[in-house]
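Here's query36.pdb, which has PDB, C-alpha atoms:
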MODEL        1
ATOM      1  CA  MET L  11    -134.434  75.328  25.965
ATOM      2  CA  ALA L  12    -136.094  72.196  27.249
ATOM      3  CA  ASN L  13    -133.930  69.647  25.440
ATOM      4  CA  VAL L  14    -130.544  71.236  26.264
ATOM      5  CA  TYR L  15    -128.749  70.014  29.379
ATOM      6  CA  VAL L  16    -125.740  71.992  30.616
ATOM      7  CA  LEU L  17    -123.753  69.810  33.021
ATOM      8  CA  ASP L  18    -122.461  72.042  35.802
ATOM      9  CA  HIS L  19    -120.799  69.330  37.902
ATOM     10  CA  PRO L  20    -117.735  70.781  39.691
ATOM     11  CA  LEU L  21    -115.376  68.130  38.264
ATOM     12  CA  ILE L  22    -116.483  68.899  34.720
ATOM     13  CA  GLN L  23    -116.214  72.646  35.234
ATOM     14  CA  HIS L  24    -112.748  72.353  36.805
ATOM     15  CA  LYS L  25    -111.422  70.262  33.932
ATOM     16  CA  LEU L  26    -113.050  72.563  31.393
ATOM     17  CA  ALA L  27    -111.304  75.585  32.890
ATOM     18  CA  ILE L  28    -107.922  73.886  32.367
ATOM     19  CA  MET L  29    -108.909  72.953  28.796
ATOM     20  CA  ARG L  30    -109.704  76.558  27.968
ATOM     21  CA  ASP L  31    -106.252  77.763  29.063
ATOM     22  CA  LYS L  32    -104.138  78.479  25.979
ATOM     23  CA  ALA L  33    -101.078  77.255  27.908
ATOM     24  CA  THR L  34    -102.512  73.720  28.252
ATOM     25  CA  GLY L  35    -100.489  71.389  26.010
ATOM     26  CA  THR L  36    -101.679  68.721  23.612
ATOM     27  CA  LYS L  37    -101.151  65.745  25.926
ATOM     28  CA  GLU L  38    -103.060  67.292  28.820
ATOM     29  CA  PHE L  39    -105.770  68.729  26.555
ATOM     30  CA  ARG L  40    -106.370  65.314  24.988
ATOM     31  CA  ALA L  41    -106.624  63.695  28.429
ATOM     32  CA  LEU L  42    -109.082  66.332  29.611
ATOM     33  CA  VAL L  43    -111.340  65.823  26.583
ATOM     34  CA  ASN L  44    -111.368  62.117  27.392
ATOM     35  CA  GLU L  45    -112.111  62.681  31.087
ATOM     36  CA  ILE L  46    -114.901  65.181  30.472
ATOM     37  CA  ALA L  47    -116.472  62.889  27.871
ATOM     38  CA  GLY L  48    -116.604  60.099  30.439
ATOM     39  CA  LEU L  49    -118.248  62.325  33.024
ATOM     40  CA  MET L  50    -120.744  63.580  30.454
ATOM     41  CA  CYS L  51    -121.517  60.048  29.305
ATOM     42  CA  TYR L  52    -122.559  59.204  32.863
ATOM     43  CA  GLU L  53    -125.245  61.918  32.670
ATOM     44  CA  ALA L  54    -126.268  61.409  29.040
ATOM     45  CA  THR L  55    -127.023  57.717  29.698
ATOM     46  CA  ARG L  56    -129.054  58.403  32.843
ATOM     47  CA  ASN L  57    -132.373  57.500  31.207
ATOM     48  CA  LEU L  58    -131.343  54.187  29.656
ATOM     49  CA  PRO L  59    -134.016  51.567  30.404
ATOM     50  CA  THR L  60    -133.313  48.873  33.007
ATOM     51  CA  VAL L  61    -134.881  45.554  33.983
ATOM     52  CA  ASP L  62    -135.074  43.836  37.346
ATOM     53  CA  VAL L  63    -132.970  40.681  37.683
ATOM     54  CA  ASP L  64    -132.169  38.246  40.481
ATOM     55  CA  VAL L  65    -128.491  37.994  41.422
ATOM     56  CA  GLU L  66    -127.019  35.448  43.806
ATOM     57  CA  THR L  67    -124.693  37.249  46.195
ATOM     58  CA  PRO L  68    -122.494  35.337  48.689
ATOM     59  CA  ILE L  69    -125.266  35.977  51.232
ATOM     60  CA  CYS L  70    -128.612  35.600  49.455
ATOM     61  CA  THR L  71    -130.603  36.459  46.336
ATOM     62  CA  ALA L  72    -130.714  40.177  45.566
ATOM     63  CA  ARG L  73    -133.163  41.988  43.324
ATOM     64  CA  CYS L  74    -130.996  44.215  41.103
ATOM     65  CA  LYS L  75    -131.256  46.368  38.017
ATOM     66  CA  MET L  76    -129.392  45.824  34.763
ATOM     67  CA  LEU L  77    -129.543  47.561  31.404
ATOM     68  CA  ALA L  78    -132.538  46.397  29.411
ATOM     69  CA  GLY L  79    -130.424  45.413  26.434
ATOM     70  CA  LYS L  80    -131.022  48.516  24.303
ATOM     71  CA  LYS L  81    -128.332  48.620  21.642
ATOM     72  CA  LEU L  82    -126.122  51.710  21.646
ATOM     73  CA  ALA L  83    -123.861  53.407  19.119
ATOM     74  CA  ILE L  84    -121.310  56.212  19.404
ATOM     75  CA  VAL L  85    -120.778  58.350  16.310
ATOM     76  CA  PRO L  86    -117.962  60.914  16.454
ATOM     77  CA  ILE L  87    -117.892  63.754  13.956
ATOM     78  CA  LEU L  88    -114.362  63.562  12.548
ATOM     79  CA  ARG L  89    -111.890  64.521  13.491
ATOM     80  CA  ALA L  90    -112.261  66.206  16.880
ATOM     81  CA  GLY L  91    -115.083  63.886  17.959
ATOM     82  CA  LEU L  92    -112.596  61.007  18.109
ATOM     83  CA  GLY L  93    -111.205  62.510  21.310
ATOM     84  CA  MET L  94    -114.471  61.736  23.124
ATOM     85  CA  VAL L  95    -114.895  58.110  22.051
ATOM     86  CA  ASP L  96    -112.490  56.095  24.233
ATOM     87  CA  ALA L  97    -113.924  57.213  27.567
ATOM     88  CA  MET L  98    -117.437  56.379  26.401
ATOM     89  CA  VAL L  99    -116.406  52.939  25.163
ATOM     90  CA  ASP L 100    -114.796  52.277  28.554
ATOM     91  CA  LEU L 101    -118.247  52.795  30.109
ATOM     92  CA  ILE L 102    -120.242  51.135  27.292
ATOM     93  CA  PRO L 103    -117.952  48.440  25.865
ATOM     94  CA  SER L 104    -120.719  46.815  23.826
ATOM     95  CA  ALA L 105    -121.477  50.011  21.887
ATOM     96  CA  LYS L 106    -120.736  50.032  18.172
ATOM     97  CA  ILE L 107    -118.911  52.977  16.642
ATOM     98  CA  GLY L 108    -119.708  54.832  13.440
ATOM     99  CA  HIS L 109    -117.812  57.718  11.859
ATOM    100  CA  ILE L 110    -119.009  60.806  10.031
ATOM    101  CA  GLY L 111    -116.335  62.922   8.369
ATOM    102  CA  LEU L 112    -117.143  66.588   7.839
ATOM    103  CA  TYR L 113    -115.020  69.671   7.346
ATOM    104  CA  ARG L 114    -116.076  73.298   7.504
ATOM    105  CA  ASP L 115    -115.699  75.285   4.297
ATOM    106  CA  PRO L 116    -113.487  78.250   5.272
ATOM    107  CA  GLU L 117    -115.534  80.658   3.144
ATOM    108  CA  THR L 118    -119.133  79.602   3.812
ATOM    109  CA  HIS L 119    -118.535  77.952   7.241
ATOM    110  CA  GLU L 120    -120.900  75.210   6.030
ATOM    111  CA  PRO L 121    -120.130  71.475   6.471
ATOM    112  CA  VAL L 122    -118.842  69.351   3.603
ATOM    113  CA  GLU L 123    -119.058  65.545   3.907
ATOM    114  CA  TYR L 124    -116.019  63.459   3.051
ATOM    115  CA  TYR L 125    -116.697  60.192   4.914
ATOM    116  CA  CYS L 126    -119.610  58.291   6.427
ATOM    117  CA  LYS L 127    -119.370  54.728   7.778
ATOM    118  CA  LEU L 128    -122.050  53.440  10.152
ATOM    119  CA  PRO L 129    -122.968  50.064  11.714
ATOM    120  CA  GLU L 130    -125.456  48.171   9.538
ATOM    121  CA  ASP L 131    -128.049  48.128  12.318
ATOM    122  CA  ILE L 132    -127.589  51.789  13.286
ATOM    123  CA  GLY L 133    -131.310  52.421  12.847
ATOM    124  CA  ASN L 134    -132.090  50.114  15.763
ATOM    125  CA  ARG L 135    -129.664  51.766  18.176
ATOM    126  CA  GLN L 136    -129.653  54.643  20.621
ATOM    127  CA  VAL L 137    -127.076  56.917  18.998
ATOM    128  CA  TYR L 138    -124.733  59.361  20.730
ATOM    129  CA  VAL L 139    -123.257  61.901  18.307
ATOM    130  CA  VAL L 140    -120.089  63.387  19.811
ATOM    131  CA  ASP L 141    -118.127  66.503  18.896
ATOM    132  CA  PRO L 142    -116.286  68.767  21.359
ATOM    133  CA  MET L 143    -117.671  71.999  19.865
ATOM    134  CA  LEU L 144    -121.180  72.994  18.785
ATOM    135  CA  ALA L 145    -120.420  76.253  16.938
ATOM    136  CA  THR L 146    -122.526  77.114  13.884
ATOM    137  CA  GLY L 147    -124.418  73.848  14.265
ATOM    138  CA  GLY L 148    -123.935  73.025  10.599
ATOM    139  CA  SER L 149    -121.879  69.873  11.155
ATOM    140  CA  ALA L 150    -124.211  68.655  13.893
ATOM    141  CA  VAL L 151    -127.305  69.118  11.720
ATOM    142  CA  ALA L 152    -125.619  67.425   8.761
ATOM    143  CA  ALA L 153    -124.524  64.466  10.912
ATOM    144  CA  ILE L 154    -128.004  64.043  12.359
ATOM    145  CA  ASP L 155    -129.463  64.302   8.845
ATOM    146  CA  PHE L 156    -127.225  61.398   7.739
ATOM    147  CA  LEU L 157    -128.232  59.315  10.751
ATOM    148  CA  LYS L 158    -131.931  59.863  10.181
ATOM    149  CA  GLN L 159    -131.480  58.939   6.513
ATOM    150  CA  HIS L 160    -130.140  55.619   7.836
ATOM    151  CA  GLY L 161    -133.256  55.104   9.948
ATOM    152  CA  CYS L 162    -132.070  56.405  13.336
ATOM    153  CA  LYS L 163    -134.940  57.449  15.572
ATOM    154  CA  SER L 164    -133.238  58.005  18.929
ATOM    155  CA  ILE L 165    -130.302  60.434  18.850
ATOM    156  CA  ILE L 166    -128.484  62.375  21.570
ATOM    157  CA  MET L 167    -125.903  65.084  20.839
ATOM    158  CA  MET L 168    -122.913  65.467  23.184
ATOM    159  CA  ASN L 169    -120.682  68.549  23.035
ATOM    160  CA  ILE L 170    -118.187  69.922  25.527
ATOM    161  CA  ILE L 171    -118.826  73.571  24.582
ATOM    162  CA  GLY L 172    -121.728  75.056  22.655
ATOM    163  CA  CYS L 173    -123.183  78.474  21.906
ATOM    164  CA  PRO L 174    -126.692  79.879  21.331
ATOM    165  CA  GLU L 175    -126.315  79.983  17.539
ATOM    166  CA  GLY L 176    -125.443  76.277  17.289
ATOM    167  CA  ILE L 177    -128.108  75.222  19.761
ATOM    168  CA  LYS L 178    -130.757  77.204  17.878
ATOM    169  CA  ARG L 179    -129.800  75.647  14.547
ATOM    170  CA  VAL L 180    -129.906  72.078  15.884
ATOM    171  CA  ASN L 181    -133.178  72.695  17.722
ATOM    172  CA  GLU L 182    -134.829  74.135  14.641
ATOM    173  CA  ALA L 183    -133.679  71.294  12.372
ATOM    174  CA  HIS L 184    -134.023  68.440  14.878
ATOM    175  CA  PRO L 185    -136.235  69.358  17.844
ATOM    176  CA  ASP L 186    -136.382  65.688  18.886
ATOM    177  CA  VAL L 187    -132.620  65.526  19.625
ATOM    178  CA  ASP L 188    -131.449  66.173  23.194
ATOM    179  CA  ILE L 189    -128.182  68.099  23.595
ATOM    180  CA  TYR L 190    -125.771  67.580  26.503
ATOM    181  CA  MET L 191    -122.893  70.009  26.988
ATOM    182  CA  ALA L 192    -120.485  71.150  29.672
ATOM    183  CA  ALA L 193    -120.872  74.860  28.884
ATOM    184  CA  CYS L 194    -122.949  77.184  26.743
ATOM    185  CA  ASP L 195    -120.668  80.088  25.804
ATOM    186  CA  GLU L 196    -121.524  83.634  24.792
ATOM    187  CA  LYS L 197    -121.533  83.713  20.992
ATOM    188  CA  LEU L 198    -119.710  83.097  17.705
ATOM    189  CA  ASN L 199    -117.147  85.578  16.402
ATOM    190  CA  ASP L 200    -116.782  86.701  12.788
ATOM    191  CA  HIS L 201    -114.692  83.594  12.004
ATOM    192  CA  ALA L 202    -117.381  81.256  13.442
ATOM    193  CA  TYR L 203    -115.300  80.410  16.516
ATOM    194  CA  ILE L 204    -116.994  80.140  19.893
ATOM    195  CA  VAL L 205    -116.291  83.014  22.321
ATOM    196  CA  PRO L 206    -114.650  82.594  24.807
ATOM    197  CA  GLY L 207    -114.343  78.943  23.708
ATOM    198  CA  LEU L 208    -110.983  77.177  23.655
ATOM    199  CA  GLY L 209    -109.783  77.598  20.089
ATOM    200  CA  ASP L 210    -109.848  74.792  17.521
ATOM    201  CA  ALA L 211    -110.528  71.574  19.441
ATOM    202  CA  GLY L 212    -109.202  69.343  16.656
ATOM    203  CA  ASP L 213    -105.909  71.202  16.436
ATOM    204  CA  ARG L 214    -105.494  71.113  20.212
ATOM    205  CA  ILE L 215    -106.322  67.392  20.466
ATOM    206  CA  PHE L 216    -104.030  66.318  17.632
ATOM    207  CA  GLY L 217    -101.318  68.962  17.949
ATOM    208  CA  THR L 218    -101.858  70.431  14.490
ATOM    209  CA  LYS L 219    -102.243  73.974  13.248
TER     210      LYS L 219
ENDMDL
END
Do you think you could lay out the structure here as structure tokens?
Amino acid sequence: MANVYVLDHPLIQHKLAIMRDKATGTKEFRALVNEIAGLMCYEATRNLPTVDVDVETPICTARCKMLAGKKLAIVPILRAGLGMVDAMVDLIPSAKIGHIGLYRDPETHEPVEYYCKLPEDIGNRQVYVVDPMLATGGSAVAAIDFLKQHGCKSIIMMNIIGCPEGIKRVNEAHPDVDIYMAACDEKLNDHAYIVPGLGDAGDRIFGTK
């Protein structure tokens, strides 16, 4: 689909392979989520607008490019999305951070909201919604719904792993939202887990079961 970008960079794919391994421990898994998020952020921000500026180097005046001042925001879907935030803030230190708390009902697999806190000027910002997994797509659609209710007009979704079912649901609900991911896996299983996936990203990031 035109608005889905699968990032096949060798560094991302190498790190993702280690993440998938069930023998990878919490500390290493958490670090890999952070590293992949940083690499993905580099690609997802590729089209940010720039302006030409004059900079005095030790030699002469150079014509350079700097960001055009567009305000940015990073909004993790709690709790697993928190694992992707730090690396992005390292690259975009001026970005504001919002939080959307959702959990998946174990029976219906549909998202239930329990927390939403966003910057007051979120509607004027380019927003990056981050969550390691795009499975059913329910949480992603709900998060984007909340953001649009707060006036957001420019939203990008960033996931480490997705699947066709989740992509289809987001595209149908929000065709204006671009999706960046490191891998598009085969399918969902009967328990709404991505196959082959990597298990529950939140449990593996935080060491819970």
If we count all atoms listed in the file and set the cut-off at 8 Å, which residues sit around Tyr138 in chain L, ignoring sequence neighbours fewer than 4 positions away in its own chain? Please answer as a PyMOL selection string.
chain L and resi 82-85+165-168
Within 12 Å of range 13-17 of chain L, counting only C-alpha atoms, which residues show up once you throw out same-chain ones fewer than 2 positions away? Write them as a count of residues only, please.
44
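Comparing L:Lys197, L:His109, L:Arg89, L:Arg179 by their smallest distance to Thr218 in chain L, the closest is L:Arg89 (using all atoms listed in the file).
Take CA of Gly91 in chain L and CA of Pro206 in chain L: the distance between them is 19.9 Å.
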Could you tell me how far CA of Ile132 in chain L sits from CA of Met76 in chain L, in Å to one decimal place?
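These atoms are spaced 22.4 Å apart.
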Excluding Arg135 in chain L and its own-chain neighbours fewer than 4 positions away, which residues fall within 8 Å of it when counting all atoms listed in the file? Please give them as a VMD selection string.
chain L and resid 80 to 83 131 162 164
Would you compute the distance between CA of Thr146 in chain L and CA of Ile204 in chain L? Give it in Å to one decimal.
8.7 Å
Between L:Thr71, L:Asn199, L:Asn44, L:Ser104, which one has atoms that come closest to Leu92 in chain L, using only C-alpha atoms?
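The closest residue to Leu92 in chain L is L:Asn44.
Across L:Pro116, L:Pro86, L:Gly108, L:Pro68, the tightest approach to Asp200 in chain L is made by L:Pro116 when counting all atoms listed in the file.
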Looking at only C-alpha atoms, which of L:Lys127, L:Gly48, L:Met143, L:Leu112 is the one that sits closest to Leu208 in chain L?
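Nearest candidate to Leu208 in chain L out of L:Lys127, L:Gly48, L:Met143, L:Leu112: L:Met143.
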Select, from L:Gly209, L:Ala183, L:Val139, L:Asn57, the residue with the minimum atom-to-atom distance to Met98 in chain L, counting all atoms listed in the file.
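Between L:Gly209, L:Ala183, L:Val139, L:Asn57, the residue approaching Met98 in chain L most closely is L:Val139.
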List the residues matched by the PyMOL selection byres ((chain L and resi 118) around 12) in the displayed structure as number ranges by chain, ordered by chain and then by residue number.
L: 113-117, 119-122, 146, 148, 200-202
Expected file: the selected residues, C-alpha atoms, as a PDB file, in the frame of the given file:
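This is the output file out_19.pdb:
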ATOM      1  CA  TYR L 113    -115.020  69.671   7.346  1.00  0.00           C
ATOM      2  CA  ARG L 114    -116.076  73.298   7.504  1.00  0.00           C
ATOM      3  CA  ASP L 115    -115.699  75.285   4.297  1.00  0.00           C
ATOM      4  CA  PRO L 116    -113.487  78.250   5.272  1.00  0.00           C
ATOM      5  CA  GLU L 117    -115.534  80.658   3.144  1.00  0.00           C
ATOM      6  CA  HIS L 119    -118.535  77.952   7.241  1.00  0.00           C
ATOM      7  CA  GLU L 120    -120.900  75.210   6.030  1.00  0.00           C
ATOM      8  CA  PRO L 121    -120.130  71.475   6.471  1.00  0.00           C
ATOM      9  CA  VAL L 122    -118.842  69.351   3.603  1.00  0.00           C
ATOM     10  CA  THR L 146    -122.526  77.114  13.884  1.00  0.00           C
ATOM     11  CA  GLY L 148    -123.935  73.025  10.599  1.00  0.00           C
ATOM     12  CA  ASP L 200    -116.782  86.701  12.788  1.00  0.00           C
ATOM     13  CA  HIS L 201    -114.692  83.594  12.004  1.00  0.00           C
ATOM     14  CA  ALA L 202    -117.381  81.256  13.442  1.00  0.00           C
TER      15      ALA L 202
END
Just the residues within 8 Å of Arg214 in chain L, please, counting only C-alpha atoms, with nothing from its chain fewer than 2 positions along; format it as a PDB file with C-alpha atoms, keeping the file's coordinate frame.
ATOM      1  CA  GLY L  35    -100.489  71.389  26.010  1.00  0.00           C
ATOM      2  CA  THR L  36    -101.679  68.721  23.612  1.00  0.00           C
ATOM      3  CA  PHE L  39    -105.770  68.729  26.555  1.00  0.00           C
ATOM      4  CA  ARG L  40    -106.370  65.314  24.988  1.00  0.00           C
ATOM      5  CA  GLY L 209    -109.783  77.598  20.089  1.00  0.00           C
ATOM      6  CA  ASP L 210    -109.848  74.792  17.521  1.00  0.00           C
ATOM      7  CA  ALA L 211    -110.528  71.574  19.441  1.00  0.00           C
ATOM      8  CA  GLY L 212    -109.202  69.343  16.656  1.00  0.00           C
ATOM      9  CA  PHE L 216    -104.030  66.318  17.632  1.00  0.00           C
ATOM     10  CA  GLY L 217    -101.318  68.962  17.949  1.00  0.00           C
ATOM     11  CA  THR L 218    -101.858  70.431  14.490  1.00  0.00           C
TER      12      THR L 218
END
Please determine, counting only C-alpha atoms, which residue among L:Gly111, L:Gly79, L:Pro59, L:Gly93 has the shortest atom-to-atom distance to Ala150 in chain L.
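Of L:Gly111, L:Gly79, L:Pro59, L:Gly93, the one nearest Ala150 in chain L is L:Gly111, counting only C-alpha atoms.
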Using the chain letters and residue numbers of this document, give as a compact mmCIF listing (two decimals) with C-alpha atoms, in the coordinates of the input the residues selected by the PyMOL selection byres ((chain L and resi 64) around 9).
# COMPACT_ATOMS: atom_id res chain seq x y z
CA ASP L 62 -135.07 43.84 37.35
CA VAL L 63 -132.97 40.68 37.68
CA VAL L 65 -128.49 37.99 41.42
CA GLU L 66 -127.02 35.45 43.81
CA THR L 71 -130.60 36.46 46.34
CA ALA L 72 -130.71 40.18 45.57
CA ARG L 73 -133.16 41.99 43.32
CA CYS L 74 -131.00 44.22 41.10
CA LYS L 75 -131.26 46.37 38.02
Residues within 9 Å of (-125.1, 60.7, 6.6), file coordinates, counting all atoms listed in the file: what are they? Give the list as a CSV table (one decimal) with C-alpha atoms, in the frame of the given file.
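File written: point34.csv
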chain,number,residue,atom,x,y,z
L,110,ILE,CA,-119.0,60.8,10.0
L,123,GLU,CA,-119.1,65.5,3.9
L,125,TYR,CA,-116.7,60.2,4.9
L,126,CYS,CA,-119.6,58.3,6.4
L,127,LYS,CA,-119.4,54.7,7.8
L,128,LEU,CA,-122.0,53.4,10.2
L,152,ALA,CA,-125.6,67.4,8.8
L,153,ALA,CA,-124.5,64.5,10.9
L,154,ILE,CA,-128.0,64.0,12.4
L,155,ASP,CA,-129.5,64.3,8.8
L,156,PHE,CA,-127.2,61.4,7.7
L,157,LEU,CA,-128.2,59.3,10.8
L,158,LYS,CA,-131.9,59.9,10.2
L,159,GLN,CA,-131.5,58.9,6.5
L,160,HIS,CA,-130.1,55.6,7.8
